[in-house]
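This is run-v3.tsv (TSV, C-alpha atoms).
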chain	number	residue	atom	x	y	z
A	7	MET	CA	163.78	182.43	127.80
A	8	GLN	CA	163.33	182.83	131.55
A	9	TYR	CA	165.90	181.53	134.05
A	10	ARG	CA	165.39	180.38	137.60
A	11	THR	CA	167.54	179.13	140.45
A	12	LEU	CA	167.50	175.34	140.82
A	13	GLY	CA	166.32	174.98	144.40
A	14	ARG	CA	168.98	176.34	146.74
A	15	THR	CA	171.93	175.26	144.59
A	16	GLY	CA	172.60	178.67	143.05
A	17	VAL	CA	172.59	177.07	139.58
A	18	GLN	CA	170.58	179.02	136.99
A	19	VAL	CA	168.47	176.91	134.64
A	20	SER	CA	166.03	177.71	131.84
A	21	SER	CA	162.30	177.55	132.57
A	22	LEU	CA	161.97	175.11	129.67
A	23	ALA	CA	164.35	172.14	129.70
A	24	LEU	CA	165.06	169.61	126.96
A	25	GLY	CA	163.98	166.09	127.86
A	26	ALA	CA	165.71	163.42	125.76
A	27	MET	CA	163.37	160.46	126.26
A	28	ASN	CA	162.49	160.50	122.55
A	29	PHE	CA	166.13	160.28	121.45
A	30	GLY	CA	166.73	156.88	119.89
A	31	ARG	CA	164.43	153.92	119.48
A	32	ILE	CA	161.56	155.23	121.65
A	33	GLY	CA	161.03	158.30	119.49
A	34	ARG	CA	162.50	156.79	116.30
A	35	THR	CA	165.00	159.65	116.34
A	36	THR	CA	168.34	159.47	114.53
A	37	GLN	CA	171.58	160.97	115.79
A	38	ASP	CA	171.38	163.80	113.25
A	39	GLU	CA	167.84	164.61	114.38
A	40	ALA	CA	168.83	164.50	118.05
A	41	THR	CA	171.80	166.78	117.42
A	42	ALA	CA	169.60	169.23	115.50
A	43	LEU	CA	167.16	169.31	118.44
A	44	VAL	CA	169.97	169.99	120.90
A	45	ASP	CA	171.42	172.70	118.64
A	46	ALA	CA	168.07	174.47	118.29
A	47	ALA	CA	167.31	174.17	122.00
A	48	LEU	CA	170.64	175.66	123.02
A	49	ASP	CA	170.29	178.44	120.45
A	50	ALA	CA	166.92	179.29	122.01
A	51	GLY	CA	168.45	179.61	125.49
A	52	ILE	CA	167.70	176.19	126.97
A	53	ASN	CA	170.62	175.17	129.18
A	54	LEU	CA	169.28	172.06	130.96
A	55	ILE	CA	169.18	168.67	129.23
A	56	ASP	CA	167.61	165.70	131.01
A	57	THR	CA	167.94	162.05	130.04
A	58	ALA	CA	168.02	158.64	131.76
A	59	ASP	CA	169.89	155.37	131.50
A	60	MET	CA	166.78	153.39	130.55
A	61	TYR	CA	165.66	155.62	127.67
A	62	SER	CA	166.05	153.30	124.67
A	63	ASP	CA	168.37	151.15	126.82
A	64	GLY	CA	171.09	153.78	126.98
A	65	GLU	CA	170.79	155.01	123.39
A	66	SER	CA	169.42	158.38	124.51
A	67	GLU	CA	172.45	159.02	126.72
A	68	GLU	CA	174.78	158.11	123.85
A	69	MET	CA	172.99	160.51	121.50
A	70	VAL	CA	173.02	163.31	124.05
A	71	GLY	CA	176.72	162.77	124.61
A	72	ARG	CA	177.52	163.07	120.91
A	73	ALA	CA	175.26	166.11	120.53
A	74	ILE	CA	176.89	168.08	123.36
A	75	ALA	CA	180.50	167.16	122.57
A	76	GLY	CA	182.70	170.25	122.75
A	77	ARG	CA	180.21	172.34	124.74
A	78	ARG	CA	179.74	170.34	127.92
A	79	ASP	CA	180.54	173.24	130.23
A	80	ASP	CA	177.65	175.34	128.88
A	81	ILE	CA	175.05	172.72	129.78
A	82	VAL	CA	173.44	171.61	133.03
A	83	LEU	CA	173.40	167.88	132.34
A	84	ALA	CA	170.98	165.60	134.19
A	85	THR	CA	170.38	161.88	134.00
A	86	LYS	CA	168.56	159.24	136.04
A	87	ALA	CA	168.98	155.65	137.21
A	88	GLY	CA	166.91	153.08	139.06
A	89	MET	CA	164.55	151.64	136.46
A	90	PRO	CA	165.31	148.09	135.22
A	91	MET	CA	168.21	147.80	132.78
A	92	GLY	CA	167.66	144.24	131.54
A	93	ASP	CA	166.46	141.10	133.28
A	94	GLU	CA	169.22	140.79	135.89
A	95	ARG	CA	167.52	141.39	139.24
A	96	ASN	CA	170.25	143.65	140.62
A	97	HIS	CA	170.45	145.88	137.54
A	98	ARG	CA	167.81	148.22	138.94
A	99	GLY	CA	166.83	150.05	142.10
A	100	SER	CA	168.82	152.43	144.27
A	101	SER	CA	171.28	150.19	146.10
A	102	ARG	CA	174.89	151.34	146.44
A	103	ARG	CA	175.94	148.38	144.29
A	104	TRP	CA	173.78	149.44	141.37
A	105	LEU	CA	174.02	153.24	141.53
A	106	VAL	CA	177.83	153.21	141.62
A	107	THR	CA	177.98	150.77	138.71
A	108	GLU	CA	175.32	152.44	136.62
A	109	LEU	CA	176.66	155.95	137.04
A	110	ASP	CA	179.93	154.78	135.48
A	111	ASN	CA	177.89	153.28	132.63
A	112	SER	CA	176.01	156.57	132.15
A	113	LEU	CA	179.23	158.63	132.19
A	114	ARG	CA	180.69	156.32	129.54
A	115	ARG	CA	177.61	156.59	127.33
A	116	LEU	CA	177.47	160.38	127.75
A	117	GLY	CA	181.21	160.75	127.15
A	118	VAL	CA	181.70	162.98	130.22
A	119	ASP	CA	183.49	162.74	133.55
A	120	HIS	CA	180.57	164.01	135.64
A	121	VAL	CA	176.89	164.91	135.50
A	122	ASP	CA	175.42	167.97	137.16
A	123	LEU	CA	172.29	166.26	138.45
A	124	TYR	CA	171.90	162.52	139.12
A	125	GLN	CA	168.31	161.48	139.89
A	126	VAL	CA	166.80	158.35	141.40
A	127	HIS	CA	164.18	157.53	138.79
A	128	ARG	CA	161.62	156.01	141.18
A	129	TRP	CA	161.47	155.39	144.91
A	130	ASP	CA	162.83	151.92	145.65
A	131	PRO	CA	160.95	150.42	148.63
A	132	ALA	CA	163.52	147.61	148.90
A	133	THR	CA	166.39	150.00	149.70
A	134	SER	CA	166.82	152.20	152.77
A	135	ASP	CA	167.24	155.94	152.43
A	136	GLU	CA	170.56	155.72	154.29
A	137	GLU	CA	171.92	153.21	151.75
A	138	THR	CA	170.94	155.34	148.77
A	139	LEU	CA	171.93	158.72	150.21
A	140	SER	CA	175.26	157.35	151.43
A	141	ALA	CA	176.12	156.08	147.93
A	142	LEU	CA	175.05	159.34	146.30
A	143	THR	CA	177.01	161.40	148.83
A	144	ASP	CA	180.15	159.38	148.10
A	145	LEU	CA	179.67	159.82	144.34
A	146	GLN	CA	179.27	163.55	144.92
A	147	ARG	CA	182.45	163.73	146.99
A	148	ALA	CA	184.27	161.77	144.27
A	149	GLY	CA	183.33	164.53	141.79
A	150	LYS	CA	181.25	162.29	139.55
A	151	ILE	CA	178.02	164.16	140.30
A	152	ARG	CA	177.49	167.73	141.43
A	153	TYR	CA	174.00	167.31	142.91
A	154	PHE	CA	171.40	164.58	143.20
A	155	GLY	CA	167.62	164.46	143.20
A	156	SER	CA	164.55	162.26	143.21
A	157	SER	CA	161.95	161.59	140.54
A	158	THR	CA	158.25	160.86	141.05
A	159	PHE	CA	158.59	160.30	144.80
A	160	PRO	CA	155.45	160.44	146.95
A	161	ALA	CA	155.47	163.45	149.26
A	162	TYR	CA	156.02	161.39	152.40
A	163	ARG	CA	159.09	159.74	150.86
A	164	ILE	CA	160.53	163.16	149.99
A	165	VAL	CA	160.14	164.17	153.63
A	166	GLN	CA	161.57	160.89	154.90
A	167	ALA	CA	164.65	161.24	152.69
A	168	GLN	CA	165.25	164.78	153.94
A	169	TRP	CA	165.13	163.59	157.53
A	170	ALA	CA	167.35	160.59	156.77
A	171	ALA	CA	169.98	162.90	155.27
A	172	ARG	CA	169.90	165.06	158.39
A	173	GLU	CA	169.99	162.12	160.79
A	174	HIS	CA	172.93	160.40	159.10
A	175	HIS	CA	174.83	163.60	158.17
A	176	LEU	CA	174.60	162.93	154.44
A	177	SER	CA	173.99	165.17	151.44
A	178	ARG	CA	170.33	165.52	150.51
A	179	TYR	CA	168.16	165.46	147.44
A	180	VAL	CA	168.03	168.99	146.03
A	181	THR	CA	165.45	168.38	143.29
A	182	GLU	CA	162.29	166.43	142.60
A	183	GLN	CA	161.00	165.51	139.13
A	184	PRO	CA	157.23	164.85	139.21
A	185	SER	CA	154.55	164.57	136.54
A	186	TYR	CA	152.48	167.75	136.32
A	187	SER	CA	150.02	169.25	133.86
A	188	VAL	CA	146.67	171.02	133.70
A	189	LEU	CA	145.04	167.57	133.59
A	190	GLN	CA	147.15	166.03	136.38
A	191	ARG	CA	147.28	168.49	139.28
A	192	GLY	CA	147.46	166.06	142.20
A	193	ILE	CA	150.99	167.10	143.19
A	194	GLU	CA	149.62	170.51	144.19
A	195	THR	CA	148.05	168.81	147.21
A	196	HIS	CA	151.15	167.30	148.84
A	197	VAL	CA	154.30	167.16	146.69
A	198	LEU	CA	154.67	170.83	145.76
A	199	PRO	CA	154.06	172.12	149.30
A	200	VAL	CA	156.79	169.72	150.51
A	201	THR	CA	159.27	170.78	147.83
A	202	GLU	CA	158.67	174.42	148.75
A	203	GLU	CA	159.15	173.64	152.44
A	204	TYR	CA	162.53	171.98	151.80
A	205	GLY	CA	163.68	174.32	149.04
A	206	LEU	CA	163.86	171.67	146.31
A	207	GLY	CA	164.07	172.56	142.66
A	208	VAL	CA	161.19	171.02	140.68
A	209	LEU	CA	161.57	169.78	137.10
A	210	VAL	CA	158.15	168.68	135.87
A	211	TRP	CA	157.68	166.04	133.19
A	212	SER	CA	154.74	165.45	130.85
A	213	PRO	CA	153.47	169.05	130.99
A	214	LEU	CA	151.57	168.33	127.74
A	215	ALA	CA	149.94	165.26	129.33
A	216	SER	CA	151.30	162.74	126.81
A	217	GLY	CA	149.95	164.84	123.94
A	218	TRP	CA	146.49	165.57	125.32
A	219	LEU	CA	147.43	169.26	125.59
A	220	SER	CA	149.40	169.54	122.35
A	221	GLY	CA	146.39	170.69	120.31
A	222	ALA	CA	146.33	167.42	118.39
A	223	VAL	CA	143.59	165.85	120.55
A	224	ARG	CA	140.18	167.39	119.91
A	225	GLU	CA	136.54	166.30	119.76
A	226	GLY	CA	135.62	164.60	116.47
A	227	ARG	CA	139.23	164.28	115.37
A	228	GLU	CA	141.06	160.97	115.03
A	229	ILE	CA	143.71	160.66	117.75
A	230	ALA	CA	146.97	159.88	115.99
A	231	THR	CA	149.66	161.04	118.39
A	232	SER	CA	152.83	158.99	118.83
A	233	ARG	CA	151.81	158.06	122.36
A	234	SER	CA	148.38	156.82	121.28
A	235	ALA	CA	150.04	154.21	119.06
A	236	PHE	CA	151.63	152.35	121.98
A	237	MET	CA	149.37	153.51	124.82
A	238	PRO	CA	145.92	153.04	123.24
A	239	ASP	CA	144.10	152.71	126.58
A	240	ARG	CA	145.19	156.22	127.55
A	241	PHE	CA	143.36	157.63	124.53
A	242	ASP	CA	140.27	155.39	124.35
A	243	ILE	CA	137.44	157.91	124.53
A	244	ALA	CA	135.03	155.18	125.63
A	245	LEU	CA	136.78	155.11	129.02
A	246	PRO	CA	135.33	157.58	131.57
A	247	ALA	CA	138.69	159.09	132.56
A	248	ASN	CA	139.59	159.78	128.94
A	249	ARG	CA	136.15	161.22	128.24
A	250	ALA	CA	136.65	163.60	131.17
A	251	ARG	CA	140.04	164.61	129.78
A	252	LEU	CA	138.62	165.32	126.35
A	253	ASP	CA	135.79	167.39	127.82
A	254	ALA	CA	138.39	169.42	129.75
A	255	VAL	CA	140.56	169.83	126.64
A	256	GLU	CA	137.63	171.27	124.70
A	257	GLN	CA	136.98	173.85	127.42
A	258	LEU	CA	140.68	174.66	127.71
A	259	ALA	CA	140.89	175.18	123.95
A	260	LYS	CA	138.26	177.90	124.23
A	261	VAL	CA	140.24	179.60	127.00
A	262	ALA	CA	143.40	179.45	124.86
A	263	ASP	CA	141.63	180.85	121.81
A	264	GLU	CA	140.15	183.76	123.77
A	265	ALA	CA	143.60	184.56	125.20
A	266	GLY	CA	145.27	184.38	121.79
A	267	LEU	CA	147.38	181.39	122.81
A	268	THR	CA	148.06	177.95	121.43
A	269	MET	CA	147.19	174.96	123.59
A	270	ILE	CA	150.90	174.34	124.06
A	271	GLN	CA	151.46	177.88	125.31
A	272	LEU	CA	148.52	177.50	127.69
A	273	ALA	CA	149.78	174.15	129.00
A	274	LEU	CA	153.42	175.15	129.47
A	275	GLY	CA	152.52	178.60	130.77
A	276	PHE	CA	150.32	176.95	133.38
A	277	VAL	CA	152.97	174.65	134.89
A	278	THR	CA	155.73	177.27	134.85
A	279	ALA	CA	153.40	179.75	136.60
A	280	HIS	CA	153.43	177.71	139.82
A	281	PRO	CA	155.95	179.23	142.26
A	282	ALA	CA	157.25	175.78	143.22
A	283	VAL	CA	158.13	174.80	139.64
A	284	THR	CA	161.61	175.53	138.34
A	285	SER	CA	161.45	174.11	134.80
A	286	ALA	CA	159.09	172.22	132.52
A	287	LEU	CA	160.67	169.33	130.61
A	288	ILE	CA	159.68	169.26	126.95
A	289	GLY	CA	160.36	166.12	124.93
A	290	PRO	CA	160.10	166.93	121.21
A	291	ARG	CA	160.68	164.31	118.52
A	292	THR	CA	161.02	166.79	115.66
A	293	LEU	CA	162.18	170.36	115.12
A	294	ASP	CA	158.59	171.38	114.41
A	295	HIS	CA	157.57	170.01	117.81
A	296	LEU	CA	160.44	171.87	119.45
A	297	HIS	CA	159.65	175.21	117.82
A	298	SER	CA	155.96	174.97	118.78
A	299	GLN	CA	157.01	174.40	122.39
A	300	LEU	CA	159.70	177.08	122.41
A	301	ALA	CA	156.93	179.56	121.55
A	302	ALA	CA	155.88	179.19	125.20
A	303	ALA	CA	159.30	180.18	126.57
A	304	ASP	CA	158.13	183.67	127.56
A	305	THR	CA	154.43	182.93	128.05
A	306	VAL	CA	153.02	184.46	131.20
A	307	LEU	CA	149.37	183.64	131.85
A	308	SER	CA	147.12	186.33	133.28
A	309	ALA	CA	145.21	185.83	136.51
A	310	ASP	CA	141.97	185.62	134.50
A	311	VAL	CA	143.34	182.75	132.39
A	312	LEU	CA	144.64	180.89	135.45
A	313	ASP	CA	141.25	181.34	137.14
A	314	ALA	CA	139.54	179.94	134.06
A	315	ILE	CA	141.82	176.89	134.14
A	316	ASP	CA	141.02	176.37	137.83
A	317	SER	CA	137.30	176.38	137.01
A	318	ILE	CA	137.80	173.61	134.44
A	319	VAL	CA	140.21	171.38	136.38
A	320	ALA	CA	140.12	172.11	140.09
A	321	PRO	CA	143.44	172.58	141.92
A	322	GLY	CA	144.86	169.32	143.27
A	323	THR	CA	142.76	167.21	140.89
A	324	ASP	CA	144.05	164.32	138.76
A	325	LEU	CA	141.71	163.52	135.88
A	326	ALA	CA	143.47	160.20	135.42
A	327	ALA	CA	144.57	159.23	138.93
A	328	HIS	CA	145.13	155.60	137.85
A	329	GLU	CA	148.07	156.72	135.71
A	330	LYS	CA	150.03	158.19	138.61
A	331	TYR	CA	153.47	156.74	139.32
A	332	ASP	CA	153.77	157.88	142.93
A	333	THR	CA	150.79	156.01	144.37
A	334	PRO	CA	151.61	154.44	147.77
A	335	PRO	CA	151.93	150.63	147.39
A	336	SER	CA	149.14	150.04	149.92
A	337	LEU	CA	146.61	151.62	147.55
A	338	LEU	CA	147.53	149.16	144.84
A	339	ASP	CA	147.99	145.97	146.90
A	340	PRO	CA	145.00	145.13	149.17
A	341	SER	CA	147.15	142.86	151.37
A	342	LEU	CA	149.18	145.86	152.51
A	343	ARG	CA	146.16	147.60	154.04
A	344	ARG	CA	144.64	144.57	155.78
A	345	ARG	CA	145.80	143.35	159.18
A	346	ARG	CA	146.85	139.72	159.09
Mind turning the file's structure into structure tokens?
Amino acid sequence: MQYRTLGRTGVQVSSLALGAMNFGRIGRTTQDEATALVDAALDAGINLIDTADMYSDGESEEMVGRAIAGRRDDIVLATKAGMPMGDERNHRGSSRRWLVTELDNSLRRLGVDHVDLYQVHRWDPATSDEETLSALTDLQRAGKIRYFGSSTFPAYRIVQAQWAAREHHLSRYVTEQPSYSVLQRGIETHVLPVTEEYGLGVLVWSPLASGWLSGAVREGREIATSRSAFMPDRFDIALPANRARLDAVEQLAKVADEAGLTMIQLALGFVTAHPAVTSALIGPRTLDHLHSQLAAADTVLSADVLDAIDSIVAPGTDLAAHEKYDTPPSLLDPSLRRRR
């Protein structure tokens, strides 16, 4: 396992991190299975575990808490808040009211008195940066969080938050958690240059592109991944974007074979090769999934392999741009780009 410094914090974290989204109802994972995954991950050298309040409505946090009981101090523990937690309109977002309340809920579910990294799950356009950063700074000073970060923020919002922290003399985001894979490289254009400029640690999610890069999706083979069951449109080969992804996967498979690598090693080795990336979040549902991903812990791709990947999916290119979560609102709502 490789270890890297998380931004400018001085904290050392593993280049592969355990994402717990599949713990609980979402991944149909029991407590025993979740504990076995945590045990195996820690044994392999992973020291960062990432979850969120909304994963299975808090069940993931509860399972993580039980799994790490008695060894909390050996783990860099991260969670997130901001996505809706029920129908109540104020049980979401990044207002002081909600973040203070929901952090206490997360600490209770996790069974700990603090988390190492507290992340705002999505940018909240209804809340000012000063409001959010002020609340997070107070929670940090109270000892309930050690650091805080953002997740899936557009590049311009990352910059704005950094300037807001400076202007109002508040603590700043020290990490960003974006989606990144061989098939979704758009963050190379704006987000990663910004994180490098401000010295943010980067924890990338979906490095296997929702299973497209797991080796299970190939031409002429029925797609039967867990994600395809509840996200059928993302795997419908009749759609042009998905056809383009499959064509790229077939070419990437040849590159992997020639290099003596699995598709998973190729995919994880690619994202961890970028100098701006600190860790890749893996989200296994089973021990078999975990072991196949741990095989990439020490994978270092050669320049020839990285060049071959660039020739298949050009740098800065998203093969499924419509699936991005950091699209500026004005690109989605025509009224926001038309003068009234």
Check your understanding: What's the 10 Å shell around region 269-272 of chain A, counting all atoms listed in the file, without same-chain residues fewer than 4 positions away, as JSON, numbers by chain?
Key -> {"A": [188, 213, 214, 217, 218, 219, 220, 221, 222, 255, 258, 259, 260, 261, 262, 263, 265, 276, 277, 298, 299, 300, 301, 302, 303, 304, 305, 306, 307, 311, 312, 315]}
With a cut-off of 12 Å, could you pull out the residues of region 284-316 of chain A touching region 16-19 of chain A and give me the nearest pair of atoms for each, distance in Å to one decimal, using all atoms listed in the file, ordered by chain and ascending number, as a tab-separated table?
residue	atom	partner	partner_atom	distance
A:Thr284	CA	A:Val19	CA	7.9
A:Ser285	CA	A:Val19	CA	7.6
A:Ala286	CA	A:Val19	CA	10.7
A:Leu287	CA	A:Val19	CA	11.6
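Nearest residue to Ser112 (chain A) among A:Ala26, A:Ala247, A:Met7, A:Met60 is A:Met60, counting all atoms listed in the file.
Close contacts of Ile55 (chain A), defined as residues with an atom at most 6 Å away when counting all atoms listed in the file, with chain neighbours fewer than 6 positions off set aside, comprise Ala23, Leu24, Gly25 and Leu83 of chain A.
Surrounding residues of (133.9, 171.0, 130.0) at most 12 Å away are A:Glu225, A:Arg249, A:Ala250, A:Arg251, A:Leu252, A:Asp253, A:Ala254, A:Val255, A:Glu256, A:Gln257, A:Leu258, A:Ala259, A:Lys260, A:Val261, A:Ala314, A:Ile315, A:Asp316, A:Ser317, A:Ile318, A:Val319, A:Ala320 (based on all atoms listed in the file).
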Exercise for review: Please provide the set of residues having any atom within 10 Å of Gly71 (chain A), restricted to all atoms listed in the file, with same-chain residues fewer than 4 positions apart removed, written as a PyMOL selection string.
Suggested key: chain A and resi 41+65-67+75-76+78+83+112-118
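Candidate residues A:Leu139, A:Ser134, A:Ala84, A:Ala42 were compared for distance to His297 (chain A), and the nearest is A:Ala42, using all atoms listed in the file.
Between CA of Pro321 (chain A) and CA of His196 (chain A) the separation is 11.6 Å.
Between CA of Leu245 (chain A) and CA of Thr323 (chain A) lies a distance of 18.0 Å.
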Residues within 7 Å of (166.3, 182.0, 134.5), file coords, only C-alpha atoms, listed as a short mmCIF file (atom, residue, chain, number, x, y, z; two decimals) with C-alpha atoms, in the coordinates of the input:
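So out-v8.cif came out as:
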data_model
loop_
_atom_site.label_atom_id
_atom_site.label_comp_id
_atom_site.auth_asym_id
_atom_site.auth_seq_id
_atom_site.Cartn_x
_atom_site.Cartn_y
_atom_site.Cartn_z
CA GLN A 8 163.33 182.83 131.55
CA TYR A 9 165.90 181.53 134.05
CA ARG A 10 165.39 180.38 137.60
CA THR A 11 167.54 179.13 140.45
CA GLN A 18 170.58 179.02 136.99
CA VAL A 19 168.47 176.91 134.64
CA SER A 20 166.03 177.71 131.84
CA SER A 21 162.30 177.55 132.57
#
Study note, to complete from the structure: From the list A:Ile32, A:Ile74, A:Ala132, A:Ala171, the nearest residue to Ala47 (chain A) using only C-alpha atoms is A:Ile74
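Atom pair CA of Val283 (chain A) / CA of Asn53 (chain A) has a distance of 16.3 Å (rounded to one decimal).
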**Study point:** Counting all atoms listed in the file, the residue of A:Lys86, A:Arg98, A:Arg191, A:His127 that sits nearest His280 (chain A)
**Key:** A:Arg191
Save N, CA and C atoms of region 52-69 of chain A from the block above as a short mmCIF file (atom, residue, chain, number, x, y, z; two decimals), in the first residue's frame.
data_model
loop_
_atom_site.label_atom_id
_atom_site.label_comp_id
_atom_site.auth_asym_id
_atom_site.auth_seq_id
_atom_site.Cartn_x
_atom_site.Cartn_y
_atom_site.Cartn_z
N ILE A 52 -5.14 -0.18 4.37
CA ILE A 52 -6.03 0.97 4.21
C ILE A 52 -6.26 1.61 5.58
N ASN A 53 -6.14 2.93 5.64
CA ASN A 53 -6.37 3.60 6.93
C ASN A 53 -7.39 4.73 6.86
N LEU A 54 -8.03 4.90 5.70
CA LEU A 54 -9.06 5.92 5.53
C LEU A 54 -10.38 5.25 5.19
N ILE A 55 -11.40 5.53 5.98
CA ILE A 55 -12.75 5.02 5.73
C ILE A 55 -13.68 6.20 5.54
N ASP A 56 -14.46 6.18 4.46
CA ASP A 56 -15.33 7.29 4.10
C ASP A 56 -16.78 6.82 4.03
N THR A 57 -17.66 7.53 4.70
CA THR A 57 -19.09 7.21 4.65
C THR A 57 -19.87 8.51 4.51
N ALA A 58 -21.17 8.47 4.75
CA ALA A 58 -22.01 9.68 4.69
C ALA A 58 -23.29 9.41 5.44
N ASP A 59 -23.91 10.49 5.93
CA ASP A 59 -25.14 10.34 6.69
C ASP A 59 -26.26 9.70 5.86
N MET A 60 -26.32 10.05 4.56
CA MET A 60 -27.45 9.59 3.76
C MET A 60 -27.30 8.19 3.18
N TYR A 61 -26.15 7.55 3.35
CA TYR A 61 -26.00 6.19 2.84
C TYR A 61 -26.90 5.26 3.65
N SER A 62 -27.91 4.72 2.97
CA SER A 62 -28.91 3.86 3.61
C SER A 62 -29.52 4.54 4.84
N ASP A 63 -29.73 5.86 4.72
CA ASP A 63 -30.39 6.64 5.79
C ASP A 63 -29.70 6.47 7.14
N GLY A 64 -28.39 6.50 7.13
CA GLY A 64 -27.63 6.42 8.38
C GLY A 64 -27.15 5.04 8.74
N GLU A 65 -27.64 4.01 8.06
CA GLU A 65 -27.26 2.64 8.40
C GLU A 65 -25.77 2.39 8.14
N SER A 66 -25.23 3.01 7.09
CA SER A 66 -23.81 2.83 6.80
C SER A 66 -22.96 3.36 7.95
N GLU A 67 -23.28 4.54 8.46
CA GLU A 67 -22.51 5.09 9.57
C GLU A 67 -22.59 4.16 10.80
N GLU A 68 -23.77 3.63 11.06
CA GLU A 68 -23.92 2.72 12.21
C GLU A 68 -23.05 1.49 12.04
N MET A 69 -23.02 0.93 10.82
CA MET A 69 -22.21 -0.26 10.57
C MET A 69 -20.72 0.04 10.67
#
